[in-house]
$ cat query_25.txt   # compact mmCIF, N, CA and C atoms
# COMPACT_ATOMS: atom_id res chain seq x y z
N MET A 1 91.76 90.31 74.59
CA MET A 1 92.68 90.48 75.71
C MET A 1 91.91 90.81 76.98
N ALA A 2 92.47 90.47 78.10
CA ALA A 2 91.80 90.64 79.39
C ALA A 2 91.50 92.10 79.74
N PHE A 3 92.25 93.04 79.14
CA PHE A 3 92.05 94.44 79.49
C PHE A 3 90.84 95.05 78.80
N ASP A 4 90.39 94.44 77.70
CA ASP A 4 89.26 94.98 76.94
C ASP A 4 88.02 95.10 77.82
N GLY A 5 87.30 96.22 77.64
CA GLY A 5 86.05 96.41 78.37
C GLY A 5 85.97 97.79 78.98
N THR A 6 84.91 97.99 79.74
CA THR A 6 84.69 99.25 80.43
C THR A 6 84.85 99.01 81.92
N TRP A 7 85.65 99.85 82.53
CA TRP A 7 86.02 99.72 83.93
C TRP A 7 85.71 101.02 84.67
N LYS A 8 84.97 100.93 85.77
CA LYS A 8 84.61 102.13 86.56
C LYS A 8 85.33 102.06 87.90
N VAL A 9 85.95 103.19 88.29
CA VAL A 9 86.70 103.20 89.54
C VAL A 9 85.76 102.86 90.70
N ASP A 10 86.24 101.98 91.58
CA ASP A 10 85.46 101.52 92.72
C ASP A 10 86.03 102.04 94.03
N ARG A 11 87.37 102.02 94.13
CA ARG A 11 88.01 102.49 95.36
C ARG A 11 89.48 102.82 95.09
N ASN A 12 90.04 103.58 96.02
CA ASN A 12 91.44 104.02 95.93
C ASN A 12 92.18 103.58 97.18
N GLU A 13 93.47 103.33 97.03
CA GLU A 13 94.35 103.06 98.17
C GLU A 13 95.56 103.98 98.06
N ASN A 14 95.69 104.89 99.02
CA ASN A 14 96.85 105.79 99.09
C ASN A 14 96.93 106.77 97.91
N TYR A 15 95.83 106.97 97.21
CA TYR A 15 95.84 107.78 96.00
C TYR A 15 96.13 109.25 96.30
N GLU A 16 95.53 109.79 97.36
CA GLU A 16 95.79 111.19 97.69
C GLU A 16 97.25 111.40 98.07
N LYS A 17 97.85 110.39 98.71
CA LYS A 17 99.25 110.49 99.13
C LYS A 17 100.19 110.59 97.92
N ILE A 18 99.93 109.79 96.89
CA ILE A 18 100.80 109.85 95.71
C ILE A 18 100.60 111.16 94.96
N MET A 19 99.36 111.66 94.94
CA MET A 19 99.11 112.95 94.29
C MET A 19 99.87 114.05 95.03
N GLU A 20 99.87 113.97 96.37
CA GLU A 20 100.60 114.95 97.17
C GLU A 20 102.10 114.88 96.84
N LYS A 21 102.65 113.67 96.75
CA LYS A 21 104.07 113.48 96.44
C LYS A 21 104.40 114.07 95.07
N MET A 22 103.43 114.00 94.14
CA MET A 22 103.64 114.53 92.79
C MET A 22 103.45 116.04 92.72
N GLY A 23 103.05 116.65 93.85
CA GLY A 23 102.92 118.09 93.88
C GLY A 23 101.54 118.62 93.53
N VAL A 24 100.54 117.74 93.53
CA VAL A 24 99.17 118.16 93.23
C VAL A 24 98.61 118.88 94.46
N GLY A 25 98.01 120.04 94.25
CA GLY A 25 97.46 120.84 95.34
C GLY A 25 96.33 120.14 96.08
N SER A 26 96.06 120.62 97.28
CA SER A 26 95.06 120.01 98.17
C SER A 26 93.67 119.89 97.53
N MET A 27 93.20 120.95 96.92
CA MET A 27 91.86 120.94 96.32
C MET A 27 91.79 119.93 95.16
N LYS A 28 92.80 119.94 94.30
CA LYS A 28 92.81 119.00 93.17
C LYS A 28 92.92 117.55 93.66
N ARG A 29 93.63 117.34 94.78
CA ARG A 29 93.72 115.98 95.34
C ARG A 29 92.36 115.50 95.79
N LYS A 30 91.63 116.36 96.48
CA LYS A 30 90.29 115.98 96.95
C LYS A 30 89.37 115.67 95.77
N LEU A 31 89.40 116.52 94.75
CA LEU A 31 88.57 116.30 93.57
C LEU A 31 89.01 115.05 92.81
N GLY A 32 90.32 114.87 92.68
CA GLY A 32 90.85 113.73 91.94
C GLY A 32 90.50 112.40 92.57
N ALA A 33 90.41 112.37 93.87
CA ALA A 33 90.07 111.13 94.57
C ALA A 33 88.61 110.72 94.35
N HIS A 34 87.80 111.66 93.87
CA HIS A 34 86.37 111.40 93.64
C HIS A 34 85.97 111.79 92.22
N ASP A 35 86.79 111.40 91.26
CA ASP A 35 86.58 111.83 89.88
C ASP A 35 85.63 110.93 89.08
N ASN A 36 85.19 109.80 89.66
CA ASN A 36 84.30 108.85 88.96
C ASN A 36 84.89 108.39 87.63
N LEU A 37 86.18 108.15 87.62
CA LEU A 37 86.88 107.76 86.39
C LEU A 37 86.35 106.45 85.83
N LYS A 38 86.14 106.46 84.53
CA LYS A 38 85.75 105.27 83.80
C LYS A 38 86.73 105.09 82.64
N LEU A 39 87.26 103.89 82.50
CA LEU A 39 88.18 103.55 81.41
C LEU A 39 87.50 102.58 80.46
N THR A 40 87.53 102.87 79.18
CA THR A 40 87.06 101.93 78.18
C THR A 40 88.28 101.56 77.35
N ILE A 41 88.69 100.30 77.46
CA ILE A 41 89.93 99.85 76.84
C ILE A 41 89.63 98.89 75.70
N THR A 42 90.24 99.15 74.56
CA THR A 42 90.17 98.22 73.43
C THR A 42 91.58 97.98 72.92
N GLN A 43 91.83 96.74 72.54
CA GLN A 43 93.14 96.37 72.03
C GLN A 43 92.98 95.71 70.67
N GLU A 44 93.81 96.16 69.73
CA GLU A 44 93.89 95.55 68.41
C GLU A 44 95.36 95.28 68.15
N GLY A 45 95.79 94.03 68.36
CA GLY A 45 97.21 93.70 68.23
C GLY A 45 98.00 94.45 69.28
N ASN A 46 98.99 95.24 68.84
CA ASN A 46 99.83 96.01 69.76
C ASN A 46 99.30 97.42 70.02
N LYS A 47 98.15 97.75 69.43
CA LYS A 47 97.58 99.09 69.57
C LYS A 47 96.44 99.08 70.59
N PHE A 48 96.51 100.03 71.52
CA PHE A 48 95.48 100.19 72.54
C PHE A 48 94.81 101.54 72.39
N THR A 49 93.52 101.58 72.63
CA THR A 49 92.79 102.83 72.76
C THR A 49 92.14 102.81 74.13
N VAL A 50 92.40 103.84 74.92
CA VAL A 50 91.83 103.96 76.26
C VAL A 50 91.04 105.26 76.30
N LYS A 51 89.72 105.13 76.45
CA LYS A 51 88.88 106.32 76.62
C LYS A 51 88.77 106.56 78.11
N GLU A 52 89.23 107.72 78.55
CA GLU A 52 89.15 108.11 79.95
C GLU A 52 88.02 109.12 80.11
N SER A 53 87.02 108.76 80.90
CA SER A 53 85.89 109.66 81.17
C SER A 53 85.82 109.90 82.67
N SER A 54 85.82 111.17 83.06
CA SER A 54 85.72 111.51 84.48
C SER A 54 84.86 112.76 84.63
N ASN A 55 84.73 113.21 85.87
CA ASN A 55 83.99 114.44 86.13
C ASN A 55 84.67 115.65 85.48
N PHE A 56 85.96 115.52 85.12
CA PHE A 56 86.73 116.67 84.67
C PHE A 56 87.04 116.69 83.19
N ARG A 57 87.14 115.51 82.59
CA ARG A 57 87.51 115.48 81.18
C ARG A 57 87.19 114.12 80.58
N THR A 58 87.10 114.11 79.26
CA THR A 58 86.98 112.87 78.51
C THR A 58 87.99 112.95 77.38
N ILE A 59 88.90 111.98 77.36
CA ILE A 59 89.94 111.96 76.32
C ILE A 59 90.14 110.54 75.82
N ASP A 60 90.64 110.43 74.62
CA ASP A 60 91.06 109.15 74.06
C ASP A 60 92.57 109.12 74.04
N VAL A 61 93.14 108.10 74.65
CA VAL A 61 94.58 107.90 74.65
C VAL A 61 94.86 106.70 73.76
N VAL A 62 95.61 106.92 72.70
CA VAL A 62 95.94 105.84 71.76
C VAL A 62 97.45 105.62 71.82
N PHE A 63 97.84 104.37 72.03
CA PHE A 63 99.27 104.06 72.08
C PHE A 63 99.52 102.67 71.51
N GLU A 64 100.77 102.47 71.12
CA GLU A 64 101.22 101.19 70.62
C GLU A 64 102.30 100.69 71.57
N LEU A 65 102.26 99.40 71.91
CA LEU A 65 103.23 98.83 72.83
C LEU A 65 104.65 99.13 72.36
N GLY A 66 105.48 99.61 73.28
CA GLY A 66 106.88 99.86 72.99
C GLY A 66 107.18 101.15 72.26
N VAL A 67 106.15 101.92 71.92
CA VAL A 67 106.35 103.17 71.17
C VAL A 67 106.13 104.36 72.12
N SER A 68 107.12 105.22 72.23
CA SER A 68 107.04 106.37 73.12
C SER A 68 105.97 107.36 72.65
N PHE A 69 105.25 107.94 73.63
CA PHE A 69 104.24 108.95 73.32
C PHE A 69 104.15 109.92 74.49
N SER A 70 103.51 111.06 74.23
CA SER A 70 103.32 112.09 75.26
C SER A 70 101.89 112.03 75.77
N TYR A 71 101.73 112.37 77.05
CA TYR A 71 100.42 112.29 77.69
C TYR A 71 100.35 113.36 78.77
N SER A 72 99.17 113.91 78.96
CA SER A 72 98.95 114.91 80.00
C SER A 72 98.05 114.30 81.08
N LEU A 73 98.57 114.25 82.32
CA LEU A 73 97.77 113.75 83.44
C LEU A 73 96.61 114.72 83.70
N ALA A 74 95.64 114.26 84.46
CA ALA A 74 94.44 115.08 84.71
C ALA A 74 94.77 116.43 85.35
N ASP A 75 95.87 116.50 86.12
CA ASP A 75 96.24 117.77 86.76
C ASP A 75 97.07 118.66 85.85
N GLY A 76 97.34 118.18 84.61
CA GLY A 76 98.10 118.97 83.66
C GLY A 76 99.57 118.60 83.56
N THR A 77 100.05 117.70 84.44
CA THR A 77 101.43 117.26 84.39
C THR A 77 101.70 116.53 83.08
N GLU A 78 102.74 116.95 82.37
CA GLU A 78 103.10 116.32 81.10
C GLU A 78 104.11 115.21 81.34
N VAL A 79 103.87 114.05 80.70
CA VAL A 79 104.79 112.93 80.79
C VAL A 79 105.03 112.35 79.40
N THR A 80 106.15 111.66 79.25
CA THR A 80 106.41 110.89 78.03
C THR A 80 106.82 109.49 78.48
N GLY A 81 106.50 108.49 77.66
CA GLY A 81 106.89 107.14 78.03
C GLY A 81 106.27 106.10 77.13
N THR A 82 106.35 104.86 77.61
CA THR A 82 105.86 103.73 76.83
C THR A 82 105.09 102.76 77.71
N TRP A 83 104.26 101.96 77.05
CA TRP A 83 103.57 100.83 77.68
C TRP A 83 104.16 99.55 77.10
N SER A 84 104.22 98.52 77.93
CA SER A 84 104.65 97.21 77.47
C SER A 84 103.83 96.16 78.22
N ILE A 85 103.87 94.93 77.73
CA ILE A 85 103.20 93.84 78.42
C ILE A 85 104.26 92.91 78.96
N GLU A 86 104.15 92.62 80.25
CA GLU A 86 105.03 91.65 80.91
C GLU A 86 104.13 90.65 81.61
N GLY A 87 104.06 89.43 81.07
CA GLY A 87 103.15 88.43 81.61
C GLY A 87 101.72 88.89 81.41
N ASN A 88 100.96 89.00 82.50
CA ASN A 88 99.57 89.46 82.40
C ASN A 88 99.41 90.92 82.84
N LYS A 89 100.53 91.65 82.85
CA LYS A 89 100.50 93.05 83.30
C LYS A 89 100.82 93.99 82.15
N LEU A 90 100.11 95.11 82.14
CA LEU A 90 100.38 96.21 81.22
C LEU A 90 101.18 97.22 82.03
N ILE A 91 102.42 97.49 81.62
CA ILE A 91 103.32 98.32 82.42
C ILE A 91 103.68 99.59 81.67
N GLY A 92 103.39 100.72 82.30
CA GLY A 92 103.72 102.03 81.75
C GLY A 92 104.88 102.64 82.50
N LYS A 93 105.91 103.05 81.76
CA LYS A 93 107.05 103.73 82.36
C LYS A 93 107.12 105.12 81.76
N PHE A 94 106.87 106.11 82.61
CA PHE A 94 106.75 107.48 82.15
C PHE A 94 107.72 108.39 82.88
N THR A 95 108.18 109.43 82.18
CA THR A 95 109.07 110.43 82.75
C THR A 95 108.37 111.78 82.70
N ARG A 96 108.34 112.45 83.85
CA ARG A 96 107.76 113.79 83.88
C ARG A 96 108.61 114.74 83.06
N VAL A 97 107.97 115.58 82.27
CA VAL A 97 108.69 116.55 81.44
C VAL A 97 109.29 117.65 82.31
N ASP A 98 108.59 118.04 83.38
CA ASP A 98 109.04 119.18 84.19
C ASP A 98 110.23 118.88 85.10
N ASN A 99 110.34 117.63 85.60
CA ASN A 99 111.43 117.38 86.55
C ASN A 99 112.22 116.09 86.28
N GLY A 100 111.86 115.34 85.23
CA GLY A 100 112.61 114.14 84.87
C GLY A 100 112.40 112.94 85.77
N LYS A 101 111.47 113.04 86.74
CA LYS A 101 111.23 111.92 87.65
C LYS A 101 110.31 110.89 87.00
N GLU A 102 110.47 109.63 87.43
CA GLU A 102 109.75 108.52 86.80
C GLU A 102 108.45 108.18 87.54
N LEU A 103 107.42 107.92 86.75
CA LEU A 103 106.13 107.44 87.24
C LEU A 103 105.89 106.09 86.57
N ILE A 104 105.69 105.06 87.38
CA ILE A 104 105.41 103.72 86.86
C ILE A 104 103.94 103.42 87.11
N THR A 105 103.26 102.94 86.08
CA THR A 105 101.86 102.55 86.20
C THR A 105 101.74 101.09 85.75
N VAL A 106 101.09 100.27 86.56
CA VAL A 106 100.89 98.86 86.22
C VAL A 106 99.39 98.58 86.24
N ARG A 107 98.89 98.01 85.15
CA ARG A 107 97.49 97.59 85.08
C ARG A 107 97.45 96.07 85.05
N GLU A 108 96.60 95.51 85.91
CA GLU A 108 96.49 94.07 86.01
C GLU A 108 95.03 93.70 86.27
N VAL A 109 94.53 92.69 85.55
CA VAL A 109 93.16 92.24 85.74
C VAL A 109 93.16 91.06 86.70
N SER A 110 92.27 91.15 87.70
CA SER A 110 92.09 90.06 88.66
C SER A 110 90.59 89.85 88.82
N GLY A 111 90.06 88.76 88.23
CA GLY A 111 88.62 88.53 88.26
C GLY A 111 87.91 89.62 87.50
N ASN A 112 86.95 90.28 88.18
CA ASN A 112 86.21 91.38 87.53
C ASN A 112 86.76 92.75 87.92
N GLU A 113 88.02 92.77 88.37
CA GLU A 113 88.64 94.03 88.76
C GLU A 113 89.89 94.32 87.92
N LEU A 114 90.08 95.60 87.64
CA LEU A 114 91.30 96.09 87.03
C LEU A 114 92.02 96.87 88.13
N ILE A 115 93.21 96.41 88.48
CA ILE A 115 93.98 97.07 89.53
C ILE A 115 95.07 97.89 88.85
N GLN A 116 95.03 99.18 89.11
CA GLN A 116 96.01 100.10 88.53
C GLN A 116 96.89 100.60 89.67
N THR A 117 98.17 100.24 89.61
CA THR A 117 99.11 100.60 90.67
C THR A 117 100.07 101.66 90.14
N TYR A 118 100.25 102.71 90.92
CA TYR A 118 101.17 103.79 90.57
C TYR A 118 102.34 103.78 91.55
N THR A 119 103.54 104.04 91.07
CA THR A 119 104.71 104.20 91.94
C THR A 119 105.44 105.46 91.50
N TYR A 120 105.67 106.35 92.48
CA TYR A 120 106.36 107.61 92.21
C TYR A 120 107.18 107.97 93.44
N GLU A 121 108.48 108.10 93.26
CA GLU A 121 109.37 108.54 94.35
C GLU A 121 109.17 107.72 95.63
N GLY A 122 109.03 106.42 95.49
CA GLY A 122 108.89 105.54 96.66
C GLY A 122 107.50 105.43 97.23
N VAL A 123 106.53 106.16 96.69
CA VAL A 123 105.14 106.09 97.17
C VAL A 123 104.34 105.24 96.18
N GLU A 124 103.55 104.32 96.72
CA GLU A 124 102.72 103.46 95.88
C GLU A 124 101.25 103.72 96.19
N ALA A 125 100.44 103.72 95.15
CA ALA A 125 99.00 103.91 95.31
C ALA A 125 98.29 102.98 94.34
N LYS A 126 97.03 102.69 94.64
CA LYS A 126 96.23 101.84 93.76
C LYS A 126 94.87 102.46 93.53
N ARG A 127 94.37 102.23 92.31
CA ARG A 127 92.98 102.53 91.98
C ARG A 127 92.40 101.20 91.49
N ILE A 128 91.31 100.79 92.09
CA ILE A 128 90.69 99.52 91.74
C ILE A 128 89.40 99.81 91.00
N PHE A 129 89.28 99.24 89.80
CA PHE A 129 88.13 99.44 88.93
C PHE A 129 87.33 98.14 88.85
N LYS A 130 86.01 98.27 88.75
CA LYS A 130 85.12 97.13 88.53
C LYS A 130 84.68 97.11 87.07
N LYS A 131 84.59 95.91 86.50
CA LYS A 131 84.16 95.78 85.12
C LYS A 131 82.67 96.03 85.05
N GLU A 132 82.25 96.83 84.05
CA GLU A 132 80.83 97.12 83.87
C GLU A 132 80.22 96.13 82.91

$ encode --input "query_25.txt" --output "structure tokens"
Amino acid sequence: MAFDGTWKVDRNENYEKIMEKMGVGSMKRKLGAHDNLKLTITQEGNKFTVKESSNFRTIDVVFELGVSFSYSLADGTEVTGTWSIEGNKLIGKFTRVDNGKELITVREVSGNELIQTYTYEGVEAKRIFKKE
């Protein structure tokens, strides 16, 4: 699948703004924007494993398409939701545990880039990763 591989964050668009909208404090926003995030994605059928490595943590996120699971964002925000594939996009629909608001994450491969788009409360942000 096109998502397989190791992807290192290259640049952000509006990322601090969406973190602010989500209630992330000023210091964590500054650190989060420069976290050197690396994603290693492997897919076996409907099962995905995503290893997230950053300056702050390294975790393995394992999920199956269409199956609800819980996840903790880097700032500690707890969400539950599912991933699905629509066309060439991996779409995550998550609900915050603390306030019930929805966070949508879309991953799409374009050439040697993985574009991850977040939408929360009308604010959109992107993180663009380069394939290693």

$ select_by_dssp --input "query_25.txt" --residues "chain A" --states "helix (DSSP H, G or I)" --output "PyMOL selection string"
chain A and resi 15-21+26-32

$ residues_around --input "query_25.txt" --residues "A:Lys8" --least-positions-apart "4" --cutoff "5 Å" --atoms "all atoms listed in the file" --output "mmCIF file with N, CA and C atoms, in the frame of the given file"
data_model
loop_
_atom_site.group_PDB
_atom_site.id
_atom_site.type_symbol
_atom_site.label_atom_id
_atom_site.label_comp_id
_atom_site.auth_asym_id
_atom_site.auth_seq_id
_atom_site.Cartn_x
_atom_site.Cartn_y
_atom_site.Cartn_z
ATOM 1 N N LEU A 37 86.180 108.150 87.620
ATOM 2 C CA LEU A 37 86.880 107.760 86.390
ATOM 3 C C LEU A 37 86.350 106.450 85.830
ATOM 4 N N LYS A 38 86.140 106.460 84.530
ATOM 5 C CA LYS A 38 85.750 105.270 83.800
ATOM 6 C C LYS A 38 86.730 105.090 82.640
ATOM 7 N N LEU A 39 87.260 103.890 82.500
ATOM 8 C CA LEU A 39 88.180 103.550 81.410
ATOM 9 C C LEU A 39 87.500 102.580 80.460
ATOM 10 N N PHE A 129 89.280 99.240 89.800
ATOM 11 C CA PHE A 129 88.130 99.440 88.930
ATOM 12 C C PHE A 129 87.330 98.140 88.850
ATOM 13 N N LYS A 130 86.010 98.270 88.750
ATOM 14 C CA LYS A 130 85.120 97.130 88.530
ATOM 15 C C LYS A 130 84.680 97.110 87.070
#

$ residues_around --input "query_25.txt" --residues "A:Asn88" --least-positions-apart "6" --cutoff "7 Å" --atoms "all atoms listed in the file" --output "JSON, numbers by chain"
{"A": [107, 108, 109]}

$ closest_residue --input "query_25.txt" --among "A:Leu114, A:Ile128, A:Ile91, A:Met22" --to "A:Asp10" --atoms "only N, CA and C atoms"
A:Ile128

$ closest_residue --input "query_25.txt" --among "A:Ser110, A:Ser84, A:Thr77, A:Ser26" --to "A:Arg96" --atoms "only C-alpha atoms"
A:Thr77

$ atom_distance --input "query_25.txt" --atom1 "atom CA of A:Gly45" --atom2 "atom C of A:Phe69"
18.7 Å

$ closest_residue --input "query_25.txt" --among "A:Gly87, A:Glu124, A:Gly92, A:Glu52" --to "A:Gly66" --atoms "only C-alpha atoms"
A:Gly92

$ residues_near_point --input "query_25.txt" --point "(91.7, 92.8, 71.1)" --cutoff "7 Å" --atoms "all atoms listed in the file" --output "VMD selection string"
chain A and resid 1 4 42 to 45

$ closest_residue --input "query_25.txt" --among "A:Trp83, A:Phe94, A:Phe3, A:Tyr118" --to "A:Ile18" --atoms "all atoms listed in the file"
A:Tyr118
